Amino acid sequence: ALGETRVTPLTCQSLESGWAIFASNGGSVAEPGWYGDLLVDSVVTIEFGAETIEGRARVAMGAERDQIWTRQKALIPAFAGYAQVANRTIPVLVIEPC
């Protein structure tokens with residue numbers, strides 16, 4: 001449900017200013033539930049091992065999105081298949097520490 005706390009392991013890509021995450025939902029035609037939540041409230045808590053970081057998520061657009069997405073497909077080729085199977089543009093979100 002919208003607004004509920006979610007704990008979701010995700011693949012991320014390190015960026016100069018934070019991390020990118022991908023609303024691929026494993027190639028499903030529907031976006032993952034957490035994506036809608038982040039559109040409403042962009043504040044997130046992420047964990048890397050024992051480290052907890054507060055951040056803010058935003059949707060990457062245009063050339064920024066394309067660059068991150070192209071790199072992700074090169075790093076993990078399955079992501080290219082997710083977009084084909086889902087038949088949708090996979091949203092790319094950038095999380096930057098607060």
# chains A, B, ... in the order shown; residues from 1 in each chain; ligands from 1
$ residues_around --residues "Ser28 (chain A)" --least-positions-apart "5" --cutoff "8 Å" --atoms "only C-alpha atoms" --output "list in words"
Tyr82, Val85 and Ala86 of chain A
$ write_last_selection --atoms "C-alpha atoms" --output "PDB file, in the first residue's frame"
ATOM      1  CA  TYR A  82      13.940  -6.567 -18.295  1.00  0.00           C
ATOM      2  CA  VAL A  85      10.030  -8.216 -21.464  1.00  0.00           C
ATOM      3  CA  ALA A  86       8.281  -5.414 -19.563  1.00  0.00           C
TER       4      ALA A  86
END
$ closest_atom_pairs --of "region 61-90 of chain A" --to "region 11-27 of chain A" --cutoff "9 Å" --atoms "only C-alpha atoms" --output "CSV"
residue,atom,partner,partner_atom,distance
A:Ile68,CA,A:Ala20,CA,7.5
A:Trp69,CA,A:Phe22,CA,8.6
A:Arg71,CA,A:Gln13,CA,8.7
A:Gln72,CA,A:Gln13,CA,7.1
A:Leu75,CA,A:Gln13,CA,9.0
A:Phe79,CA,A:Ser24,CA,7.7
A:Gly81,CA,A:Gly27,CA,7.3
A:Tyr82,CA,A:Gly27,CA,3.8
A:Ala83,CA,A:Gly27,CA,6.2
A:Gln84,CA,A:Gly27,CA,7.7
A:Val85,CA,A:Gly27,CA,5.6
A:Ala86,CA,A:Gly27,CA,4.8
A:Asn87,CA,A:Gly27,CA,8.4
A:Thr89,CA,A:Ser24,CA,8.8
A:Ile90,CA,A:Ser24,CA,5.5
$ atom_distance --atom1 "CA of Asp37 (chain A)" --atom2 "CA of Pro77 (chain A)"
27.1 Å
$ select_by_dssp --residues "chain A" --states "helix (DSSP H, G or I)" --output "PyMOL selection string"
chain A and resi 25-27+33-40+62-75+78-86
$ closest_residue --among "A:Gly36, A:Val29, A:Pro91, A:Arg65" --to "Glu4 (chain A)" --atoms "only C-alpha atoms"
A:Gly36
$ select_by_dssp --residues "chain A" --states "strand (DSSP E or B)" --output "VMD selection string"
chain A and resid 12 to 15 18 to 22 43 to 48 51 to 59 92 to 97
$ closest_residue --among "A:Pro9, A:Pro32, A:Gly55, A:Gly49" --to "Pro97 (chain A)" --atoms "only C-alpha atoms"
A:Gly55
$ residues_around --residues "region 39-41 of chain A" --least-positions-apart "2" --cutoff "9 Å" --atoms "only C-alpha atoms" --output "list in words"
Leu2, Gly3, Trp34, Tyr35, Gly36, Asp37, Val43, Val44, Arg56, Ala57, Arg58 and Val59 of chain A
$ atom_distance --atom1 "CA of Glu54 (chain A)" --atom2 "CA of Cys98 (chain A)"
5.9 Å
$ atom_distance --atom1 "CA of Phe48 (chain A)" --atom2 "CA of Lys73 (chain A)"
22.2 Å
